[in-house]
Amino acid sequence: MTTNPLTKYPQPPFEGQPQSFPGKTGKMSPEPDHGEASYEGSGKLTGQVALITGGDSGIGRAVAIAFAREGADVAISYLPEEQGDAEAVAAWIEKAGRRALLLPGDLKQAAYGRDLVEKTVSAFGRLDVLVNNGAFQQPNQGLDSIEDAIFEDHFRTNVFGPFYLTKAALPHLKPGASVIFTSSVNSKHPMPSLLAYSATKGALSNLVLSLSQLLAEKGIRVNGVLPGPIWTPFIPSGMSEDSVKSFGSQVPFGRPGQPAELASAYVMLASQESSYTSGALVTVAGAMPVL
């Protein structure tokens, strides 16, 4: 039995629902689907250990649930103010019969990246999959409205953080390991109202292409996912009310994607069935053309 993807999930218009960054899942209407009731695993990651940044909500939360149901133990990083959401994810991981590790902190700090890896390996004994998903986003009007500190925060969180973390993880990644970056369709189609964010995502896509070549001789695969408009706490906390109300209407599917609809791409890229896939940028964007 198949389901029409155009009507599978809620369509705009949505309610205006402003939140401060980073946003809370439970305050969203409708609440996002992370696969809690729908994702079924098939053992693709049995016995593996994954570390996911930004794993408390949105895409990271969906990936954490999917990885656990595929048989992986999962460590997640998140901002300290997101503790409640992180604990909810841990409960889903443990319900799947896997171990969860909660690691709050700030990705902008190189020491935190090293600490994430050390604590994950200490708790689980290994590291097989690294998902660089955590990010910062703040919209802008004109160029002169972007504060220097905010511009720097975008790069320190979205680019420096993944660099620090991947570098720290490298000594623990064995041949067959997988590193996955969450980039964005904005890396190919930058939005003027998200100038800093789009620039960081362009950097991440480039990083995927460079790192996949650099780490090929070690047998480590590096790939990226380019989400289109996805219904996560980033939306009400990082966009105007009018933009939230019409969010997702610009793509051919006419609606935003749900985090649960991204999880399969990350599972595919993490799994050993994708042993020849490295340097790929996988678009998941409701038929939006990204060239």
# chains A, B, ... in the order shown; residues from 1 in each chain; ligands from 1
>>> residues_around(residues="range 270-274 of chain A", least_positions_apart="6", cutoff="7 Å", atoms="only C-alpha atoms", output="list of chain:residue names")
A:Lys44, A:Leu45, A:Val129, A:Ser178
>>> select_by_dssp(residues="range 147-284 of chain A", states="strand (DSSP E)", output="PyMOL selection string")
chain A and resi 178-182+221-227+281-284
>>> write_last_selection(atoms="all heavy atoms", output="compact mmCIF listing (two decimals), in the first residue's frame")
# COMPACT_ATOMS: atom_id res chain seq x y z
N SER A 178 31.60 6.09 8.90
CA SER A 178 30.87 7.04 8.07
C SER A 178 30.74 8.37 8.78
O SER A 178 30.41 8.43 9.96
CB SER A 178 29.47 6.48 7.76
OG SER A 178 28.68 7.41 7.05
N VAL A 179 31.00 9.46 8.04
CA VAL A 179 30.78 10.81 8.54
C VAL A 179 29.74 11.46 7.64
O VAL A 179 29.88 11.45 6.41
CB VAL A 179 32.08 11.64 8.52
CG1 VAL A 179 31.82 13.04 9.07
CG2 VAL A 179 33.17 10.95 9.32
N ILE A 180 28.69 12.00 8.26
CA ILE A 180 27.59 12.60 7.50
C ILE A 180 27.37 14.03 7.97
O ILE A 180 27.27 14.29 9.17
CB ILE A 180 26.29 11.80 7.67
CG1 ILE A 180 26.51 10.32 7.33
CG2 ILE A 180 25.17 12.38 6.80
CD1 ILE A 180 25.33 9.42 7.71
N PHE A 181 27.32 14.95 7.02
CA PHE A 181 27.07 16.36 7.32
C PHE A 181 25.65 16.74 6.89
O PHE A 181 25.21 16.34 5.81
CB PHE A 181 28.05 17.25 6.57
CG PHE A 181 29.47 17.18 7.06
CD1 PHE A 181 30.29 16.12 6.67
CD2 PHE A 181 29.99 18.15 7.88
CE1 PHE A 181 31.61 16.04 7.10
CE2 PHE A 181 31.31 18.10 8.32
CZ PHE A 181 32.12 17.04 7.93
N THR A 182 24.96 17.51 7.73
CA THR A 182 23.69 18.10 7.30
C THR A 182 24.00 19.45 6.69
O THR A 182 24.33 20.41 7.39
CB THR A 182 22.73 18.28 8.49
OG1 THR A 182 22.45 17.00 9.08
CG2 THR A 182 21.42 18.90 8.02
N ARG A 221 34.10 6.94 4.80
CA ARG A 221 33.21 7.58 3.84
C ARG A 221 32.67 8.90 4.41
O ARG A 221 32.35 8.98 5.59
CB ARG A 221 32.05 6.66 3.48
CG ARG A 221 32.51 5.37 2.80
CD ARG A 221 31.37 4.47 2.39
NE ARG A 221 30.59 4.02 3.53
CZ ARG A 221 29.37 4.45 3.84
NH1 ARG A 221 28.78 5.38 3.11
NH2 ARG A 221 28.73 3.97 4.89
N VAL A 222 32.55 9.91 3.55
CA VAL A 222 32.04 11.22 3.96
C VAL A 222 30.98 11.66 2.97
O VAL A 222 31.23 11.72 1.76
CB VAL A 222 33.16 12.28 4.01
CG1 VAL A 222 32.62 13.62 4.50
CG2 VAL A 222 34.32 11.81 4.88
N ASN A 223 29.79 11.96 3.48
CA ASN A 223 28.68 12.36 2.62
C ASN A 223 27.88 13.48 3.28
O ASN A 223 28.07 13.79 4.46
CB ASN A 223 27.76 11.16 2.36
CG ASN A 223 28.43 10.08 1.55
OD1 ASN A 223 28.67 10.22 0.35
ND2 ASN A 223 28.77 8.96 2.21
N GLY A 224 26.98 14.07 2.51
CA GLY A 224 26.14 15.13 3.04
C GLY A 224 24.70 14.96 2.62
O GLY A 224 24.40 14.33 1.60
N VAL A 225 23.80 15.51 3.42
CA VAL A 225 22.38 15.54 3.09
C VAL A 225 21.98 17.01 2.93
O VAL A 225 22.37 17.86 3.75
CB VAL A 225 21.52 14.88 4.19
CG1 VAL A 225 20.03 14.97 3.85
CG2 VAL A 225 21.94 13.42 4.36
N LEU A 226 21.24 17.30 1.88
CA LEU A 226 20.78 18.65 1.60
C LEU A 226 19.26 18.70 1.80
O LEU A 226 18.49 18.46 0.87
CB LEU A 226 21.12 19.06 0.16
CG LEU A 226 22.52 19.61 -0.12
CD1 LEU A 226 23.61 18.64 0.28
CD2 LEU A 226 22.66 19.99 -1.60
N PRO A 227 18.82 19.01 3.01
CA PRO A 227 17.37 19.12 3.23
C PRO A 227 16.81 20.38 2.58
O PRO A 227 17.47 21.42 2.51
CB PRO A 227 17.25 19.21 4.76
CG PRO A 227 18.58 18.76 5.30
CD PRO A 227 19.57 19.15 4.26
N LEU A 281 26.13 14.28 -2.18
CA LEU A 281 25.29 15.29 -1.56
C LEU A 281 23.85 14.92 -1.92
O LEU A 281 23.42 15.11 -3.05
CB LEU A 281 25.64 16.69 -2.07
CG LEU A 281 27.04 17.18 -1.71
CD1 LEU A 281 27.36 18.48 -2.47
CD2 LEU A 281 27.16 17.43 -0.20
N VAL A 282 23.14 14.33 -0.98
CA VAL A 282 21.81 13.78 -1.22
C VAL A 282 20.73 14.82 -0.91
O VAL A 282 20.59 15.25 0.24
CB VAL A 282 21.58 12.51 -0.37
CG1 VAL A 282 20.20 11.94 -0.63
CG2 VAL A 282 22.67 11.48 -0.66
N THR A 283 20.00 15.22 -1.92
CA THR A 283 18.94 16.23 -1.75
C THR A 283 17.64 15.56 -1.32
O THR A 283 17.21 14.58 -1.95
CB THR A 283 18.71 17.00 -3.05
OG1 THR A 283 19.92 17.66 -3.42
CG2 THR A 283 17.61 18.04 -2.89
N VAL A 284 17.01 16.08 -0.27
CA VAL A 284 15.69 15.62 0.16
C VAL A 284 14.84 16.88 0.30
O VAL A 284 14.86 17.56 1.32
CB VAL A 284 15.76 14.87 1.50
CG1 VAL A 284 14.39 14.29 1.85
CG2 VAL A 284 16.80 13.75 1.45
>>> residues_around(residues="Ser246 in chain A", least_positions_apart="2", cutoff="6 Å", atoms="only C-alpha atoms", output="number ranges by chain")
A: 12-13, 243-244, 249
>>> closest_residue(among="A:Asn206, A:Thr157, A:Gln258, A:Asn186", to="Gly35 in chain A", atoms="only C-alpha atoms")
A:Gln258
>>> residues_around(residues="Ile230 in chain A", least_positions_apart="5", cutoff="7 Å", atoms="only C-alpha atoms", output="list in words")
Pro256, Gly257, Gln258 and Pro259 of chain A
>>> atom_distance(atom1="CA of Ser184 in chain A", atom2="CA of Pro233 in chain A")
15.8 Å
>>> closest_residue(among="A:Val74, A:Leu102, A:Leu204, A:Ala86", to="Ala135 in chain A", atoms="only C-alpha atoms")
A:Leu204
>>> closest_residue(among="A:Leu195, A:Val267, A:Leu103, A:Val131", to="Thr46 in chain A", atoms="only C-alpha atoms")
A:Val267
>>> atom_distance(atom1="CA of Pro190 in chain A", atom2="CA of Val159 in chain A")
16.2 Å
>>> residues_around(residues="Glu94 in chain A", least_positions_apart="2", cutoff="12 Å", atoms="only C-alpha atoms", output="VMD selection string")
chain A and resid 64 to 65 67 to 69 71 to 75 87 to 92 96 to 101
>>> write_last_selection(atoms="N, CA, C and O atoms", output="PDB file, in the first residue's frame")
ATOM      1  N   ALA A  64      18.401  10.033  15.296  1.00  0.00           N
ATOM      2  CA  ALA A  64      18.724   9.283  16.518  1.00  0.00           C
ATOM      3  C   ALA A  64      17.749   8.130  16.730  1.00  0.00           C
ATOM      4  O   ALA A  64      18.149   7.003  17.066  1.00  0.00           O
ATOM      5  N   ILE A  65      16.464   8.396  16.539  1.00  0.00           N
ATOM      6  CA  ILE A  65      15.446   7.343  16.698  1.00  0.00           C
ATOM      7  C   ILE A  65      15.650   6.244  15.664  1.00  0.00           C
ATOM      8  O   ILE A  65      15.624   5.041  15.977  1.00  0.00           O
ATOM      9  N   PHE A  67      18.437   5.467  13.953  1.00  0.00           N
ATOM     10  CA  PHE A  67      19.678   4.729  14.193  1.00  0.00           C
ATOM     11  C   PHE A  67      19.508   3.713  15.324  1.00  0.00           C
ATOM     12  O   PHE A  67      19.996   2.584  15.240  1.00  0.00           O
ATOM     13  N   ALA A  68      18.810   4.117  16.386  1.00  0.00           N
ATOM     14  CA  ALA A  68      18.584   3.196  17.499  1.00  0.00           C
ATOM     15  C   ALA A  68      17.767   1.996  17.043  1.00  0.00           C
ATOM     16  O   ALA A  68      18.069   0.846  17.405  1.00  0.00           O
ATOM     17  N   ARG A  69      16.746   2.239  16.247  1.00  0.00           N
ATOM     18  CA  ARG A  69      15.904   1.134  15.765  1.00  0.00           C
ATOM     19  C   ARG A  69      16.618   0.277  14.732  1.00  0.00           C
ATOM     20  O   ARG A  69      16.188  -0.850  14.458  1.00  0.00           O
ATOM     21  N   GLY A  71      19.695  -0.564  15.358  1.00  0.00           N
ATOM     22  CA  GLY A  71      20.611  -1.350  16.174  1.00  0.00           C
ATOM     23  C   GLY A  71      21.812  -0.628  16.736  1.00  0.00           C
ATOM     24  O   GLY A  71      22.694  -1.262  17.323  1.00  0.00           O
ATOM     25  N   ALA A  72      21.883   0.710  16.590  1.00  0.00           N
ATOM     26  CA  ALA A  72      23.055   1.449  17.072  1.00  0.00           C
ATOM     27  C   ALA A  72      22.829   2.037  18.457  1.00  0.00           C
ATOM     28  O   ALA A  72      21.706   2.427  18.806  1.00  0.00           O
ATOM     29  N   ASP A  73      23.889   2.103  19.251  1.00  0.00           N
ATOM     30  CA  ASP A  73      23.889   2.922  20.460  1.00  0.00           C
ATOM     31  C   ASP A  73      24.137   4.356  20.004  1.00  0.00           C
ATOM     32  O   ASP A  73      24.914   4.593  19.060  1.00  0.00           O
ATOM     33  N   VAL A  74      23.515   5.312  20.682  1.00  0.00           N
ATOM     34  CA  VAL A  74      23.523   6.688  20.174  1.00  0.00           C
ATOM     35  C   VAL A  74      23.873   7.700  21.253  1.00  0.00           C
ATOM     36  O   VAL A  74      23.249   7.735  22.316  1.00  0.00           O
ATOM     37  N   ALA A  75      24.874   8.537  20.961  1.00  0.00           N
ATOM     38  CA  ALA A  75      25.197   9.699  21.790  1.00  0.00           C
ATOM     39  C   ALA A  75      24.691  10.927  21.062  1.00  0.00           C
ATOM     40  O   ALA A  75      24.829  11.029  19.829  1.00  0.00           O
ATOM     41  N   GLU A  87      16.194  14.531  26.747  1.00  0.00           N
ATOM     42  CA  GLU A  87      15.764  13.400  27.573  1.00  0.00           C
ATOM     43  C   GLU A  87      14.647  12.611  26.887  1.00  0.00           C
ATOM     44  O   GLU A  87      14.573  11.382  27.015  1.00  0.00           O
ATOM     45  N   ALA A  88      13.787  13.306  26.150  1.00  0.00           N
ATOM     46  CA  ALA A  88      12.732  12.612  25.408  1.00  0.00           C
ATOM     47  C   ALA A  88      13.333  11.718  24.323  1.00  0.00           C
ATOM     48  O   ALA A  88      12.874  10.592  24.097  1.00  0.00           O
ATOM     49  N   VAL A  89      14.380  12.207  23.656  1.00  0.00           N
ATOM     50  CA  VAL A  89      15.046  11.399  22.631  1.00  0.00           C
ATOM     51  C   VAL A  89      15.721  10.188  23.268  1.00  0.00           C
ATOM     52  O   VAL A  89      15.649   9.066  22.739  1.00  0.00           O
ATOM     53  N   ALA A  90      16.371  10.403  24.409  1.00  0.00           N
ATOM     54  CA  ALA A  90      17.026   9.291  25.100  1.00  0.00           C
ATOM     55  C   ALA A  90      16.025   8.192  25.436  1.00  0.00           C
ATOM     56  O   ALA A  90      16.334   6.995  25.332  1.00  0.00           O
ATOM     57  N   ALA A  91      14.817   8.593  25.825  1.00  0.00           N
ATOM     58  CA  ALA A  91      13.785   7.611  26.154  1.00  0.00           C
ATOM     59  C   ALA A  91      13.426   6.775  24.930  1.00  0.00           C
ATOM     60  O   ALA A  91      13.219   5.554  25.028  1.00  0.00           O
ATOM     61  N   TRP A  92      13.357   7.408  23.756  1.00  0.00           N
ATOM     62  CA  TRP A  92      13.047   6.664  22.528  1.00  0.00           C
ATOM     63  C   TRP A  92      14.183   5.714  22.161  1.00  0.00           C
ATOM     64  O   TRP A  92      13.946   4.589  21.702  1.00  0.00           O
ATOM     65  N   ALA A  96      14.026   1.468  22.177  1.00  0.00           N
ATOM     66  CA  ALA A  96      14.437   0.606  21.060  1.00  0.00           C
ATOM     67  C   ALA A  96      15.442  -0.450  21.506  1.00  0.00           C
ATOM     68  O   ALA A  96      15.915  -1.244  20.687  1.00  0.00           O
ATOM     69  N   GLY A  97      15.789  -0.451  22.798  1.00  0.00           N
ATOM     70  CA  GLY A  97      16.702  -1.448  23.320  1.00  0.00           C
ATOM     71  C   GLY A  97      18.169  -1.087  23.184  1.00  0.00           C
ATOM     72  O   GLY A  97      19.047  -1.937  23.353  1.00  0.00           O
ATOM     73  N   ARG A  98      18.451   0.192  22.901  1.00  0.00           N
ATOM     74  CA  ARG A  98      19.829   0.621  22.735  1.00  0.00           C
ATOM     75  C   ARG A  98      20.224   1.599  23.835  1.00  0.00           C
ATOM     76  O   ARG A  98      19.382   2.111  24.571  1.00  0.00           O
ATOM     77  N   ARG A  99      21.508   1.875  23.962  1.00  0.00           N
ATOM     78  CA  ARG A  99      22.012   2.784  24.984  1.00  0.00           C
ATOM     79  C   ARG A  99      22.056   4.214  24.450  1.00  0.00           C
ATOM     80  O   ARG A  99      22.408   4.439  23.288  1.00  0.00           O
ATOM     81  N   ALA A 100      21.705   5.159  25.331  1.00  0.00           N
ATOM     82  CA  ALA A 100      21.731   6.576  24.982  1.00  0.00           C
ATOM     83  C   ALA A 100      22.727   7.306  25.869  1.00  0.00           C
ATOM     84  O   ALA A 100      22.886   6.981  27.046  1.00  0.00           O
ATOM     85  N   LEU A 101      23.391   8.298  25.301  1.00  0.00           N
ATOM     86  CA  LEU A 101      24.324   9.130  26.050  1.00  0.00           C
ATOM     87  C   LEU A 101      24.020  10.588  25.737  1.00  0.00           C
ATOM     88  O   LEU A 101      24.025  10.984  24.560  1.00  0.00           O
TER      89      LEU A 101
END
>>> residues_around(residues="Gly58 in chain A", least_positions_apart="6", cutoff="10 Å", atoms="only C-alpha atoms", output="list in words")
Lys24, Thr25, Pro32, Asp33, His34, Asn133, Gly134, Ile230, Trp231, Thr232, Pro233, Phe234, Gln258, Pro259, Ala260 and Leu262 of chain A
>>> write_last_selection(atoms="all heavy atoms", output="compact mmCIF listing (two decimals), in the first residue's frame")
# COMPACT_ATOMS: atom_id res chain seq x y z
N LYS A 24 11.56 24.98 20.79
CA LYS A 24 11.16 23.76 21.49
C LYS A 24 10.14 22.98 20.65
O LYS A 24 9.18 23.55 20.12
CB LYS A 24 10.55 24.08 22.86
CG LYS A 24 11.55 24.75 23.84
CD LYS A 24 12.63 23.76 24.25
CE LYS A 24 13.53 24.33 25.35
NZ LYS A 24 14.34 25.45 24.91
N THR A 25 10.35 21.69 20.56
CA THR A 25 9.50 20.83 19.75
C THR A 25 8.04 20.88 20.22
O THR A 25 7.12 20.99 19.40
CB THR A 25 10.00 19.37 19.82
OG1 THR A 25 11.34 19.33 19.30
CG2 THR A 25 9.11 18.44 19.01
N PRO A 32 6.19 18.28 14.99
CA PRO A 32 6.87 17.50 13.94
C PRO A 32 6.79 16.00 14.19
O PRO A 32 6.68 15.54 15.32
CB PRO A 32 8.32 17.98 14.04
CG PRO A 32 8.27 19.29 14.74
CD PRO A 32 7.11 19.20 15.68
N ASP A 33 6.87 15.26 13.09
CA ASP A 33 6.96 13.79 13.16
C ASP A 33 8.41 13.40 13.01
O ASP A 33 9.06 13.72 12.02
CB ASP A 33 6.12 13.18 12.03
CG ASP A 33 6.21 11.65 12.00
OD1 ASP A 33 6.69 11.06 12.99
OD2 ASP A 33 5.82 11.06 10.98
N HIS A 34 8.95 12.71 14.02
CA HIS A 34 10.34 12.25 13.98
C HIS A 34 10.42 10.74 13.76
O HIS A 34 11.47 10.14 13.96
CB HIS A 34 11.04 12.60 15.29
CG HIS A 34 10.92 14.03 15.68
ND1 HIS A 34 9.93 14.48 16.54
CD2 HIS A 34 11.63 15.13 15.31
CE1 HIS A 34 10.05 15.79 16.69
NE2 HIS A 34 11.06 16.20 15.96
N ASN A 133 25.24 17.53 12.56
CA ASN A 133 23.91 18.05 12.25
C ASN A 133 23.58 19.35 12.98
O ASN A 133 22.77 20.14 12.50
CB ASN A 133 22.88 16.97 12.59
CG ASN A 133 21.45 17.48 12.49
OD1 ASN A 133 20.93 17.68 11.40
ND2 ASN A 133 20.82 17.71 13.64
N GLY A 134 24.18 19.60 14.15
CA GLY A 134 23.86 20.78 14.93
C GLY A 134 24.16 22.07 14.17
O GLY A 134 25.15 22.15 13.44
N ILE A 230 12.15 21.87 5.97
CA ILE A 230 11.78 20.80 6.90
C ILE A 230 11.18 21.43 8.15
O ILE A 230 11.69 22.42 8.68
CB ILE A 230 13.00 19.94 7.28
CG1 ILE A 230 13.72 19.44 6.02
CG2 ILE A 230 12.58 18.77 8.16
CD1 ILE A 230 12.88 18.56 5.11
N TRP A 231 10.10 20.83 8.65
CA TRP A 231 9.33 21.37 9.77
C TRP A 231 10.03 21.02 11.09
O TRP A 231 9.81 19.96 11.66
CB TRP A 231 7.92 20.81 9.74
CG TRP A 231 6.95 21.44 10.69
CD1 TRP A 231 6.31 20.84 11.73
CD2 TRP A 231 6.49 22.80 10.69
NE1 TRP A 231 5.48 21.72 12.37
CE2 TRP A 231 5.57 22.95 11.76
CE3 TRP A 231 6.77 23.91 9.89
CZ2 TRP A 231 4.93 24.15 12.04
CZ3 TRP A 231 6.13 25.11 10.16
CH2 TRP A 231 5.23 25.22 11.23
N THR A 232 10.89 21.92 11.55
CA THR A 232 11.64 21.73 12.78
C THR A 232 11.54 23.00 13.62
O THR A 232 11.09 24.04 13.14
CB THR A 232 13.13 21.46 12.49
OG1 THR A 232 13.76 22.70 12.10
CG2 THR A 232 13.31 20.43 11.37
N PRO A 233 12.02 22.98 14.88
CA PRO A 233 11.99 24.19 15.71
C PRO A 233 12.77 25.36 15.13
O PRO A 233 12.58 26.51 15.53
CB PRO A 233 12.61 23.72 17.03
CG PRO A 233 12.25 22.28 17.11
CD PRO A 233 12.39 21.79 15.70
N PHE A 234 13.68 25.09 14.18
CA PHE A 234 14.38 26.17 13.50
C PHE A 234 13.42 27.14 12.82
O PHE A 234 13.73 28.32 12.68
CB PHE A 234 15.29 25.56 12.41
CG PHE A 234 16.74 25.55 12.75
CD1 PHE A 234 17.16 25.47 14.06
CD2 PHE A 234 17.70 25.61 11.76
CE1 PHE A 234 18.51 25.44 14.39
CE2 PHE A 234 19.05 25.59 12.06
CZ PHE A 234 19.46 25.50 13.38
N GLN A 258 8.85 16.49 6.82
CA GLN A 258 8.92 16.19 8.25
C GLN A 258 10.28 15.54 8.55
O GLN A 258 10.84 14.85 7.69
CB GLN A 258 7.79 15.24 8.65
CG GLN A 258 6.42 15.84 8.56
CD GLN A 258 6.18 16.93 9.59
OE1 GLN A 258 6.67 16.85 10.72
NE2 GLN A 258 5.42 17.96 9.22
N PRO A 259 10.82 15.75 9.75
CA PRO A 259 12.11 15.13 10.08
C PRO A 259 12.15 13.63 9.78
O PRO A 259 13.18 13.11 9.33
CB PRO A 259 12.25 15.42 11.57
CG PRO A 259 11.51 16.72 11.77
CD PRO A 259 10.33 16.62 10.84
N ALA A 260 11.03 12.94 10.02
CA ALA A 260 10.99 11.50 9.77
C ALA A 260 11.29 11.15 8.32
O ALA A 260 11.79 10.06 8.02
CB ALA A 260 9.61 10.95 10.15
N LEU A 262 13.52 12.45 6.49
CA LEU A 262 14.96 12.57 6.24
C LEU A 262 15.74 11.36 6.76
O LEU A 262 16.83 11.07 6.28
CB LEU A 262 15.49 13.81 6.96
CG LEU A 262 15.45 15.18 6.28
CD1 LEU A 262 16.40 15.26 5.12
CD2 LEU A 262 14.05 15.58 5.91
>>> closest_residue(among="A:Glu81, A:Glu36, A:Asp128, A:Asp106", to="Ala66 in chain A", atoms="only C-alpha atoms")
A:Glu36
>>> atom_distance(atom1="CA of Pro80 in chain A", atom2="CA of Gly105 in chain A")
6.0 Å
>>> closest_residue(among="A:Pro236, A:Pro18, A:Gly54, A:Pro229", to="Gln250 in chain A", atoms="only C-alpha atoms")
A:Pro229
>>> select_by_dssp(residues="range 93-165 of chain A", states="helix (DSSP H, G or I)", output="number ranges by chain")
A: 93-95, 110-124, 143-145, 148-165
>>> closest_residue(among="A:Ile59, A:Ser187, A:Pro104, A:His172", to="Asn132 in chain A", atoms="only C-alpha atoms")
A:Ile59
